[in-house]
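Participant: Right, I'll just put the structure down here and ask away after.
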Amino acid sequence: MTSHHARPIEPRALKELRATDDAGLPCVPVTDPEGGDPLRCCLRRSEPGARVALVSYAPLRRWAARTGARPGAYDEQGPVFVHAEECPGPRLAGYPFARPGVLRTLRRYSAQGHILGGRLLEIPEAAGQDSPDRALDAALTEAFADSEVALVHVRAVEYGCFLYEVRRP
């Protein structure tokens with residue numbers, strides 16, 4: 001059981017991204033021959049042969065449009081994989097993409113959309129089944145201990161890609 005909730009890209013945004021992404025480019029579906037792409041629509045890895053799309057996504061911009069925040073220079077967009085067609089969404093317990101030994105960055109943002117800092121987290125080697133989840137849970141609890149933090153973006157260090165968002169409980 002985790003204390004925080006990993007949020008996939010919302011269905012409305014997915015519908016838009018599957019037409020035109022946040023860079024203004026058309027969605028180009030491809031077949032993933034090997035599988036393993038981290039899908040932000042359902043927070044799972046793709047299966048071999050799945051139809052996926054690599055689209056440009058601006059998570060802070062979309063959040064700001066709903067909340068009235070003004071992230072200014074902190075607005076970013078980057079590549080994310082999604083299913084090319086609608087999928088059933090997440091079915092997860094715990095935090096997705098939390099393999100032992102990988103590095104994650106947790107970026108903290110204020111209600112105005114300004115970055116408040118971040119943390120580099122190495123997912124520990126599993127001493128027990130839920131060790132990666134415990135490490136992420138502790139880092140997120142630490143982030144939200146700052147009352148100014150409205151949301152946290154969890155990102156992959158290797159490519160800097162947005163993985164998912166966690167909002168204040």
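In the structure tokens, chains take the letters A, B, ... in the order shown, each chain's residues start at 1, and ligands count up from 1 in the order shown.
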Can you tell me which residues surround Ala19 in chain A at a distance of at most 12 Å, considering only C-alpha atoms, apart from same-chain residues fewer than 2 positions away, and format the answer as a tab-separated table (two decimals) with all heavy atoms, in the first residue's frame?
Facilitator:
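This is the output file around_9.tsv:
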chain	number	residue	atom	x	y	z
A	12	ARG	N	-8.76	13.01	-21.42
A	12	ARG	CA	-9.00	14.14	-22.35
A	12	ARG	C	-7.70	14.55	-23.04
A	12	ARG	O	-7.66	14.77	-24.26
A	12	ARG	CB	-9.60	15.30	-21.61
A	12	ARG	CG	-9.88	16.50	-22.49
A	12	ARG	CD	-10.60	17.57	-21.71
A	12	ARG	NE	-10.38	18.85	-22.36
A	12	ARG	CZ	-10.50	19.99	-21.76
A	12	ARG	NH1	-10.86	20.05	-20.50
A	12	ARG	NH2	-10.28	21.10	-22.42
A	13	ALA	N	-6.63	14.64	-22.28
A	13	ALA	CA	-5.33	15.00	-22.85
A	13	ALA	C	-4.85	13.92	-23.81
A	13	ALA	O	-4.31	14.22	-24.88
A	13	ALA	CB	-4.30	15.21	-21.75
A	14	LEU	N	-5.08	12.64	-23.46
A	14	LEU	CA	-4.68	11.55	-24.34
A	14	LEU	C	-5.38	11.64	-25.69
A	14	LEU	O	-4.76	11.44	-26.73
A	14	LEU	CB	-4.97	10.19	-23.69
A	14	LEU	CG	-4.04	9.81	-22.55
A	14	LEU	CD1	-4.61	8.64	-21.77
A	14	LEU	CD2	-2.65	9.50	-23.09
A	15	LYS	N	-6.66	11.94	-25.65
A	15	LYS	CA	-7.42	12.07	-26.90
A	15	LYS	C	-6.79	13.15	-27.78
A	15	LYS	O	-6.62	12.97	-28.99
A	15	LYS	CB	-8.88	12.39	-26.60
A	15	LYS	CG	-9.75	12.45	-27.82
A	15	LYS	CD	-11.20	12.67	-27.45
A	15	LYS	CE	-12.03	12.69	-28.74
A	15	LYS	NZ	-13.45	12.82	-28.46
A	16	GLU	N	-6.45	14.28	-27.17
A	16	GLU	CA	-5.83	15.38	-27.92
A	16	GLU	C	-4.44	14.97	-28.43
A	16	GLU	O	-4.10	15.25	-29.59
A	16	GLU	CB	-5.73	16.62	-27.03
A	16	GLU	CG	-7.09	17.20	-26.69
A	16	GLU	CD	-7.03	18.25	-25.59
A	16	GLU	OE1	-5.93	18.53	-25.05
A	16	GLU	OE2	-8.11	18.79	-25.25
A	17	LEU	N	-3.65	14.33	-27.59
A	17	LEU	CA	-2.29	13.93	-27.97
A	17	LEU	C	-2.30	12.91	-29.10
A	17	LEU	O	-1.37	12.86	-29.92
A	17	LEU	CB	-1.53	13.37	-26.77
A	17	LEU	CG	-1.20	14.36	-25.65
A	17	LEU	CD1	-0.70	13.62	-24.42
A	17	LEU	CD2	-0.18	15.39	-26.13
A	21	ASP	N	0.10	16.45	-30.94
A	21	ASP	CA	0.78	16.51	-29.63
A	21	ASP	C	1.04	17.96	-29.21
A	21	ASP	O	0.69	18.91	-29.92
A	21	ASP	CB	2.03	15.65	-29.61
A	21	ASP	CG	3.19	16.17	-30.43
A	21	ASP	OD1	3.17	17.33	-30.87
A	21	ASP	OD2	4.16	15.40	-30.61
A	22	ASP	N	1.66	18.13	-28.06
A	22	ASP	CA	1.87	19.46	-27.51
A	22	ASP	C	2.95	20.26	-28.24
A	22	ASP	O	3.14	21.44	-27.97
A	22	ASP	CB	2.20	19.37	-26.01
A	22	ASP	CG	0.98	19.01	-25.18
A	22	ASP	OD1	-0.16	19.12	-25.70
A	22	ASP	OD2	1.15	18.63	-24.01
A	23	ALA	N	3.63	19.65	-29.19
A	23	ALA	CA	4.55	20.37	-30.07
A	23	ALA	C	3.87	20.74	-31.38
A	23	ALA	O	4.50	21.32	-32.27
A	23	ALA	CB	5.80	19.53	-30.34
A	24	GLY	N	2.58	20.38	-31.50
A	24	GLY	CA	1.83	20.69	-32.72
A	24	GLY	C	2.02	19.69	-33.83
A	24	GLY	O	1.65	19.94	-34.98
A	25	LEU	N	2.58	18.53	-33.50
A	25	LEU	CA	2.85	17.51	-34.51
A	25	LEU	C	1.78	16.43	-34.51
A	25	LEU	O	1.24	16.09	-33.45
A	25	LEU	CB	4.22	16.87	-34.25
A	25	LEU	CG	5.41	17.83	-34.27
A	25	LEU	CD1	6.66	17.13	-33.80
A	25	LEU	CD2	5.59	18.41	-35.66
A	26	PRO	N	1.49	15.85	-35.68
A	26	PRO	CA	0.49	14.78	-35.71
A	26	PRO	C	1.04	13.52	-35.05
A	26	PRO	O	2.24	13.24	-35.09
A	26	PRO	CB	0.27	14.55	-37.21
A	26	PRO	CG	1.50	15.05	-37.87
A	26	PRO	CD	2.04	16.16	-37.00
A	27	CYS	N	0.14	12.77	-34.45
A	27	CYS	CA	0.50	11.49	-33.83
A	27	CYS	C	0.81	10.49	-34.94
A	27	CYS	O	0.08	10.39	-35.93
A	27	CYS	CB	-0.68	11.01	-32.98
A	27	CYS	SG	-0.42	9.43	-32.19
A	28	VAL	N	1.91	9.75	-34.78
A	28	VAL	CA	2.32	8.75	-35.76
A	28	VAL	C	2.46	7.40	-35.04
A	28	VAL	O	3.49	7.11	-34.43
A	28	VAL	CB	3.65	9.12	-36.44
A	28	VAL	CG1	4.05	8.06	-37.45
A	28	VAL	CG2	3.56	10.49	-37.09
A	29	PRO	N	1.41	6.57	-35.08
A	29	PRO	CA	1.47	5.27	-34.41
A	29	PRO	C	2.48	4.34	-35.08
A	29	PRO	O	2.68	4.39	-36.30
A	29	PRO	CB	0.06	4.72	-34.56
A	29	PRO	CG	-0.80	5.90	-34.84
A	29	PRO	CD	0.09	6.85	-35.61
A	53	ALA	N	2.58	5.28	-29.66
A	53	ALA	CA	3.00	6.53	-30.29
A	53	ALA	C	3.92	7.26	-29.32
A	53	ALA	O	3.68	7.25	-28.11
A	53	ALA	CB	1.79	7.39	-30.64
A	54	LEU	N	4.94	7.87	-29.86
A	54	LEU	CA	5.82	8.73	-29.09
A	54	LEU	C	5.38	10.16	-29.40
A	54	LEU	O	5.47	10.61	-30.54
A	54	LEU	CB	7.28	8.52	-29.50
A	54	LEU	CG	8.32	9.31	-28.71
A	54	LEU	CD1	8.28	8.95	-27.23
A	54	LEU	CD2	9.72	9.03	-29.28
A	55	VAL	N	4.84	10.84	-28.37
A	55	VAL	CA	4.29	12.17	-28.56
A	55	VAL	C	4.98	13.16	-27.62
A	55	VAL	O	5.55	12.76	-26.60
A	55	VAL	CB	2.76	12.19	-28.32
A	55	VAL	CG1	2.04	11.32	-29.34
A	55	VAL	CG2	2.41	11.78	-26.90
A	56	SER	N	4.91	14.42	-27.95
A	56	SER	CA	5.44	15.47	-27.10
A	56	SER	C	4.34	15.91	-26.14
A	56	SER	O	3.22	16.21	-26.56
A	56	SER	CB	5.91	16.65	-27.95
A	56	SER	OG	6.53	17.60	-27.14
A	84	ALA	N	-1.43	3.92	-28.94
A	84	ALA	CA	-1.91	4.68	-30.09
A	84	ALA	C	-3.43	4.80	-30.10
A	84	ALA	O	-3.98	5.74	-30.66
A	84	ALA	CB	-1.43	4.03	-31.39
A	85	GLU	N	-4.11	3.84	-29.49
A	85	GLU	CA	-5.57	3.88	-29.37
A	85	GLU	C	-5.92	3.87	-27.89
A	85	GLU	O	-5.09	3.56	-27.04
A	85	GLU	CB	-6.21	2.66	-30.07
A	85	GLU	CG	-6.10	2.68	-31.58
A	85	GLU	CD	-4.79	2.07	-32.09
A	85	GLU	OE1	-4.23	1.20	-31.39
A	85	GLU	OE2	-4.34	2.46	-33.17
A	86	GLU	N	-7.16	4.17	-27.60
A	86	GLU	CA	-7.63	4.17	-26.21
A	86	GLU	C	-7.33	2.83	-25.55
A	86	GLU	O	-7.44	1.78	-26.15
A	86	GLU	CB	-9.14	4.45	-26.18
A	86	GLU	CG	-9.65	4.74	-24.81
A	86	GLU	CD	-11.11	5.17	-24.83
A	86	GLU	OE1	-11.56	5.76	-25.83
A	86	GLU	OE2	-11.78	4.91	-23.82
Participant: Per residue of range 63-91 of chain A within 7 Å of range 108-122 of chain A, note the shortest atom pair and the distance in Å to one decimal, counting only C-alpha atoms, and order the rows by chain and increasing residue number, as a Markdown table.
Facilitator:
| residue | atom | partner | partner_atom | distance |
| --- | --- | --- | --- | --- |
| A:Ala64 | CA | A:Gly113 | CA | 6.8 |
| A:Ala69 | CA | A:Gln112 | CA | 4.5 |
| A:Arg70 | CA | A:Gln112 | CA | 5.6 |
| A:Pro71 | CA | A:Gly113 | CA | 4.2 |
| A:Tyr74 | CA | A:His114 | CA | 6.2 |
Participant: Can you check which residues of range 95-151 of chain A DSSP gives as strand (DSSP E) on the backbone and send them as a list of chain:residue names?
Facilitator: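 Checking each residue of range 95-151 of chain A, the strand (DSSP E) ones are A:Leu103, A:Arg104, A:Thr105, A:Leu106, A:Arg107, A:Arg108, A:Tyr109, A:Ile115, A:Leu116, A:Gly117, A:Gly118, A:Arg119, A:Leu120, A:Leu121, A:Glu122, A:Leu151.
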Participant: Take the residues that were just selected and, keeping all heavy atoms, output them as a compact mmCIF listing (two decimals), in the first residue's frame.
Facilitator:
# COMPACT_ATOMS: atom_id res chain seq x y z
N LEU A 103 17.60 5.33 -11.41
CA LEU A 103 17.55 6.66 -10.81
C LEU A 103 16.28 7.37 -11.24
O LEU A 103 15.88 7.29 -12.41
CB LEU A 103 18.76 7.49 -11.24
CG LEU A 103 20.12 6.99 -10.76
CD1 LEU A 103 21.23 7.79 -11.43
CD2 LEU A 103 20.23 7.09 -9.25
N ARG A 104 15.68 8.09 -10.33
CA ARG A 104 14.51 8.91 -10.61
C ARG A 104 14.76 10.31 -10.05
O ARG A 104 15.43 10.47 -9.03
CB ARG A 104 13.24 8.34 -9.99
CG ARG A 104 12.84 6.99 -10.56
CD ARG A 104 12.38 7.14 -12.00
NE ARG A 104 12.03 5.88 -12.60
CZ ARG A 104 12.68 5.34 -13.64
NH1 ARG A 104 13.72 5.94 -14.16
NH2 ARG A 104 12.28 4.21 -14.15
N THR A 105 14.21 11.30 -10.72
CA THR A 105 14.20 12.66 -10.22
C THR A 105 12.78 12.99 -9.82
O THR A 105 11.85 12.73 -10.58
CB THR A 105 14.68 13.65 -11.30
OG1 THR A 105 16.02 13.32 -11.66
CG2 THR A 105 14.63 15.07 -10.80
N LEU A 106 12.62 13.56 -8.64
CA LEU A 106 11.31 14.03 -8.18
C LEU A 106 11.38 15.54 -8.15
O LEU A 106 12.12 16.12 -7.35
CB LEU A 106 10.99 13.48 -6.79
CG LEU A 106 10.54 12.01 -6.74
CD1 LEU A 106 11.67 11.06 -7.03
CD2 LEU A 106 9.90 11.71 -5.42
N ARG A 107 10.65 16.19 -9.07
CA ARG A 107 10.63 17.66 -9.15
C ARG A 107 9.37 18.17 -8.47
O ARG A 107 8.26 17.75 -8.79
CB ARG A 107 10.63 18.12 -10.60
CG ARG A 107 11.92 17.89 -11.30
CD ARG A 107 11.90 18.62 -12.62
NE ARG A 107 13.02 18.24 -13.44
CZ ARG A 107 13.08 18.41 -14.73
NH1 ARG A 107 12.07 18.98 -15.36
NH2 ARG A 107 14.14 18.04 -15.42
N ARG A 108 9.58 19.10 -7.54
CA ARG A 108 8.48 19.67 -6.77
C ARG A 108 8.05 21.01 -7.36
O ARG A 108 8.90 21.83 -7.71
CB ARG A 108 8.91 19.87 -5.33
CG ARG A 108 9.17 18.55 -4.63
CD ARG A 108 9.77 18.78 -3.29
NE ARG A 108 11.22 18.69 -3.47
CZ ARG A 108 12.10 19.05 -2.56
NH1 ARG A 108 11.71 19.55 -1.41
NH2 ARG A 108 13.38 18.92 -2.80
N TYR A 109 6.72 21.22 -7.44
CA TYR A 109 6.17 22.45 -8.00
C TYR A 109 5.17 23.08 -7.04
O TYR A 109 4.42 22.38 -6.36
CB TYR A 109 5.47 22.18 -9.34
CG TYR A 109 6.41 21.73 -10.42
CD1 TYR A 109 6.67 20.39 -10.63
CD2 TYR A 109 7.07 22.66 -11.21
CE1 TYR A 109 7.55 19.98 -11.62
CE2 TYR A 109 7.95 22.26 -12.21
CZ TYR A 109 8.18 20.91 -12.40
OH TYR A 109 9.06 20.50 -13.38
N ILE A 115 9.03 25.76 -9.92
CA ILE A 115 9.78 24.65 -9.34
C ILE A 115 10.28 25.05 -7.95
O ILE A 115 10.74 26.16 -7.74
CB ILE A 115 10.92 24.19 -10.28
CG1 ILE A 115 11.41 22.81 -9.87
CG2 ILE A 115 12.03 25.21 -10.33
CD1 ILE A 115 12.23 22.11 -10.93
N LEU A 116 10.12 24.14 -7.01
CA LEU A 116 10.55 24.38 -5.64
C LEU A 116 11.76 23.53 -5.27
O LEU A 116 12.19 23.53 -4.14
CB LEU A 116 9.41 24.06 -4.66
CG LEU A 116 8.19 24.97 -4.77
CD1 LEU A 116 7.07 24.46 -3.87
CD2 LEU A 116 8.57 26.40 -4.41
N GLY A 117 12.26 22.80 -6.22
CA GLY A 117 13.41 21.94 -5.96
C GLY A 117 13.14 20.54 -6.46
O GLY A 117 12.12 20.26 -7.07
N GLY A 118 14.08 19.71 -6.19
CA GLY A 118 13.94 18.33 -6.63
C GLY A 118 14.83 17.43 -5.82
O GLY A 118 15.56 17.87 -4.93
N ARG A 119 14.73 16.18 -6.13
CA ARG A 119 15.52 15.18 -5.43
C ARG A 119 15.87 14.06 -6.38
O ARG A 119 15.02 13.59 -7.14
CB ARG A 119 14.73 14.63 -4.26
CG ARG A 119 15.46 13.51 -3.57
CD ARG A 119 14.80 13.03 -2.34
NE ARG A 119 15.60 11.95 -1.81
CZ ARG A 119 15.19 11.10 -0.92
NH1 ARG A 119 13.98 11.22 -0.42
NH2 ARG A 119 15.97 10.13 -0.50
N LEU A 120 17.11 13.66 -6.33
CA LEU A 120 17.56 12.48 -7.06
C LEU A 120 17.37 11.29 -6.14
O LEU A 120 17.78 11.31 -4.98
CB LEU A 120 19.03 12.63 -7.45
CG LEU A 120 19.64 11.49 -8.25
CD1 LEU A 120 18.94 11.35 -9.60
CD2 LEU A 120 21.12 11.73 -8.44
N LEU A 121 16.75 10.25 -6.65
CA LEU A 121 16.47 9.06 -5.86
C LEU A 121 16.93 7.83 -6.61
O LEU A 121 16.52 7.61 -7.76
CB LEU A 121 14.96 8.95 -5.57
CG LEU A 121 14.50 7.70 -4.82
CD1 LEU A 121 15.01 7.71 -3.39
CD2 LEU A 121 12.98 7.61 -4.85
N GLU A 122 17.78 7.05 -5.98
CA GLU A 122 18.14 5.76 -6.55
C GLU A 122 17.23 4.72 -5.92
O GLU A 122 17.16 4.61 -4.69
CB GLU A 122 19.60 5.39 -6.27
CG GLU A 122 19.97 4.06 -6.89
CD GLU A 122 21.45 3.71 -6.76
OE1 GLU A 122 22.20 4.50 -6.18
OE2 GLU A 122 21.83 2.62 -7.24
N LEU A 151 2.39 19.68 -6.40
CA LEU A 151 2.51 18.45 -7.17
C LEU A 151 3.98 18.12 -7.38
O LEU A 151 4.86 18.97 -7.24
CB LEU A 151 1.80 18.55 -8.52
CG LEU A 151 2.33 19.53 -9.53
CD1 LEU A 151 2.22 18.93 -10.91
CD2 LEU A 151 1.50 20.79 -9.48
Participant: In Å, how far is it from CA of Arg44 in chain A to CA of Val154 in chain A?
Facilitator: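 Interatomic distance here is 14.8 Å.
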Participant: Find, counting only C-alpha atoms, the residue in A:Pro169, A:Gly160, A:Gly49, A:Pro124 that gets nearest to Gly36 in chain A.
Facilitator: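 Looking at the shortest contact to Gly36 in chain A, the residue is A:Gly49.
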Participant: Identify, on the basis of only C-alpha atoms, every residue whose closest approach to Phe162 in chain A does not exceed 10 Å; exclude the query and any residue fewer than 3 positions from it along the same chain; express the result as a compact mmCIF listing (two decimals) with all heavy atoms, in the first residue's frame.
Facilitator:
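Written out: around-v4.txt:
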# COMPACT_ATOMS: atom_id res chain seq x y z
N ARG A 40 2.52 6.14 -20.63
CA ARG A 40 2.01 7.08 -19.64
C ARG A 40 0.49 7.14 -19.59
O ARG A 40 -0.09 7.80 -18.76
CB ARG A 40 2.55 8.48 -19.92
CG ARG A 40 3.97 8.77 -19.48
CD ARG A 40 4.97 7.64 -19.57
NE ARG A 40 6.34 8.13 -19.52
CZ ARG A 40 7.20 8.07 -20.51
NH1 ARG A 40 6.87 7.50 -21.66
NH2 ARG A 40 8.42 8.55 -20.37
N TYR A 57 4.66 15.95 -24.85
CA TYR A 57 3.68 16.22 -23.81
C TYR A 57 4.21 17.31 -22.88
O TYR A 57 5.37 17.29 -22.49
CB TYR A 57 3.41 14.93 -23.03
CG TYR A 57 2.47 15.05 -21.87
CD1 TYR A 57 1.18 15.51 -22.02
CD2 TYR A 57 2.87 14.64 -20.60
CE1 TYR A 57 0.30 15.60 -20.95
CE2 TYR A 57 2.00 14.71 -19.52
CZ TYR A 57 0.73 15.19 -19.70
OH TYR A 57 -0.13 15.27 -18.64
N ALA A 58 3.35 18.26 -22.52
CA ALA A 58 3.70 19.35 -21.62
C ALA A 58 2.84 19.25 -20.36
O ALA A 58 1.80 19.89 -20.25
CB ALA A 58 3.49 20.70 -22.31
N PRO A 59 3.25 18.41 -19.40
CA PRO A 59 2.39 18.15 -18.24
C PRO A 59 2.11 19.39 -17.39
O PRO A 59 0.97 19.59 -16.96
CB PRO A 59 3.16 17.10 -17.44
CG PRO A 59 4.57 17.21 -17.89
CD PRO A 59 4.51 17.67 -19.32
N GLU A 76 7.66 22.89 -19.57
CA GLU A 76 8.50 22.02 -20.40
C GLU A 76 7.61 21.08 -21.20
O GLU A 76 6.51 20.76 -20.78
CB GLU A 76 9.40 21.13 -19.54
CG GLU A 76 10.38 21.82 -18.66
CD GLU A 76 11.19 20.80 -17.88
OE1 GLU A 76 12.02 20.10 -18.48
OE2 GLU A 76 10.95 20.69 -16.67
N GLN A 77 8.13 20.61 -22.30
CA GLN A 77 7.48 19.52 -23.02
C GLN A 77 8.54 18.53 -23.41
O GLN A 77 9.70 18.89 -23.59
CB GLN A 77 6.69 20.02 -24.23
CG GLN A 77 7.53 20.55 -25.35
CD GLN A 77 6.67 21.12 -26.46
OE1 GLN A 77 5.63 21.70 -26.21
NE2 GLN A 77 7.12 20.97 -27.68
N GLY A 78 8.13 17.28 -23.48
CA GLY A 78 9.08 16.24 -23.83
C GLY A 78 8.38 14.99 -24.30
O GLY A 78 7.15 14.89 -24.29
N PRO A 79 9.16 14.01 -24.71
CA PRO A 79 8.61 12.79 -25.30
C PRO A 79 8.04 11.83 -24.26
O PRO A 79 8.62 11.65 -23.19
CB PRO A 79 9.82 12.17 -25.99
CG PRO A 79 10.99 12.63 -25.18
CD PRO A 79 10.63 14.00 -24.70
N VAL A 80 6.88 11.27 -24.59
CA VAL A 80 6.28 10.21 -23.78
C VAL A 80 5.65 9.19 -24.73
O VAL A 80 5.18 9.53 -25.81
CB VAL A 80 5.20 10.72 -22.79
CG1 VAL A 80 5.80 11.64 -21.74
CG2 VAL A 80 4.06 11.40 -23.50
N THR A 105 14.21 11.30 -10.72
CA THR A 105 14.20 12.66 -10.22
C THR A 105 12.78 12.99 -9.82
O THR A 105 11.85 12.73 -10.58
CB THR A 105 14.68 13.65 -11.30
OG1 THR A 105 16.02 13.32 -11.66
CG2 THR A 105 14.63 15.07 -10.80
N LEU A 106 12.62 13.56 -8.64
CA LEU A 106 11.31 14.03 -8.18
C LEU A 106 11.38 15.54 -8.15
O LEU A 106 12.12 16.12 -7.35
CB LEU A 106 10.99 13.48 -6.79
CG LEU A 106 10.54 12.01 -6.74
CD1 LEU A 106 11.67 11.06 -7.03
CD2 LEU A 106 9.90 11.71 -5.42
N HIS A 153 6.54 15.89 -10.10
CA HIS A 153 6.73 15.12 -11.32
C HIS A 153 7.85 14.11 -11.08
O HIS A 153 8.93 14.49 -10.62
CB HIS A 153 7.12 16.02 -12.49
CG HIS A 153 5.98 16.82 -13.01
ND1 HIS A 153 6.12 17.72 -14.04
CD2 HIS A 153 4.66 16.86 -12.67
CE1 HIS A 153 4.95 18.27 -14.31
NE2 HIS A 153 4.06 17.77 -13.49
N VAL A 154 7.56 12.86 -11.37
CA VAL A 154 8.57 11.81 -11.30
C VAL A 154 9.09 11.62 -12.71
O VAL A 154 8.31 11.42 -13.65
CB VAL A 154 7.98 10.50 -10.72
CG1 VAL A 154 9.01 9.39 -10.71
CG2 VAL A 154 7.42 10.75 -9.31
N ARG A 155 10.41 11.70 -12.85
CA ARG A 155 11.05 11.64 -14.16
C ARG A 155 12.16 10.60 -14.18
O ARG A 155 12.80 10.34 -13.17
CB ARG A 155 11.63 13.00 -14.55
CG ARG A 155 10.57 14.04 -14.79
CD ARG A 155 11.18 15.39 -15.14
NE ARG A 155 10.15 16.32 -15.54
CZ ARG A 155 9.80 16.57 -16.80
NH1 ARG A 155 10.42 15.98 -17.79
NH2 ARG A 155 8.84 17.43 -17.06
N ALA A 156 12.41 10.06 -15.37
CA ALA A 156 13.54 9.17 -15.58
C ALA A 156 14.80 10.02 -15.74
O ALA A 156 14.78 11.03 -16.43
CB ALA A 156 13.32 8.33 -16.83
N VAL A 157 15.87 9.63 -15.11
CA VAL A 157 17.11 10.38 -15.20
C VAL A 157 17.78 10.15 -16.56
O VAL A 157 18.31 11.09 -17.16
CB VAL A 157 18.07 10.00 -14.05
CG1 VAL A 157 19.45 10.61 -14.25
CG2 VAL A 157 17.49 10.45 -12.73
N TYR A 159 16.83 9.77 -19.62
CA TYR A 159 16.38 10.58 -20.75
C TYR A 159 15.69 11.86 -20.30
O TYR A 159 15.33 12.69 -21.13
CB TYR A 159 15.42 9.77 -21.64
CG TYR A 159 16.06 8.53 -22.21
CD1 TYR A 159 15.78 7.28 -21.67
CD2 TYR A 159 16.96 8.61 -23.26
CE1 TYR A 159 16.38 6.14 -22.17
CE2 TYR A 159 17.56 7.47 -23.76
CZ TYR A 159 17.27 6.24 -23.22
OH TYR A 159 17.85 5.12 -23.71
N GLU A 165 2.76 12.02 -12.61
CA GLU A 165 2.56 13.13 -11.68
C GLU A 165 1.94 12.59 -10.40
O GLU A 165 1.14 11.66 -10.44
CB GLU A 165 1.63 14.14 -12.34
CG GLU A 165 1.24 15.31 -11.49
CD GLU A 165 0.30 16.23 -12.23
OE1 GLU A 165 0.77 16.95 -13.14
OE2 GLU A 165 -0.91 16.21 -11.92
Participant: For a quick check of understanding, using only C-alpha atoms, which of A:Val52, A:Val149, A:Cys42, A:Leu60 has the smallest distance to Phe97 in chain A?
Facilitator: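 Among A:Val52, A:Val149, A:Cys42, A:Leu60, it is A:Cys42 that comes nearest to Phe97 in chain A.
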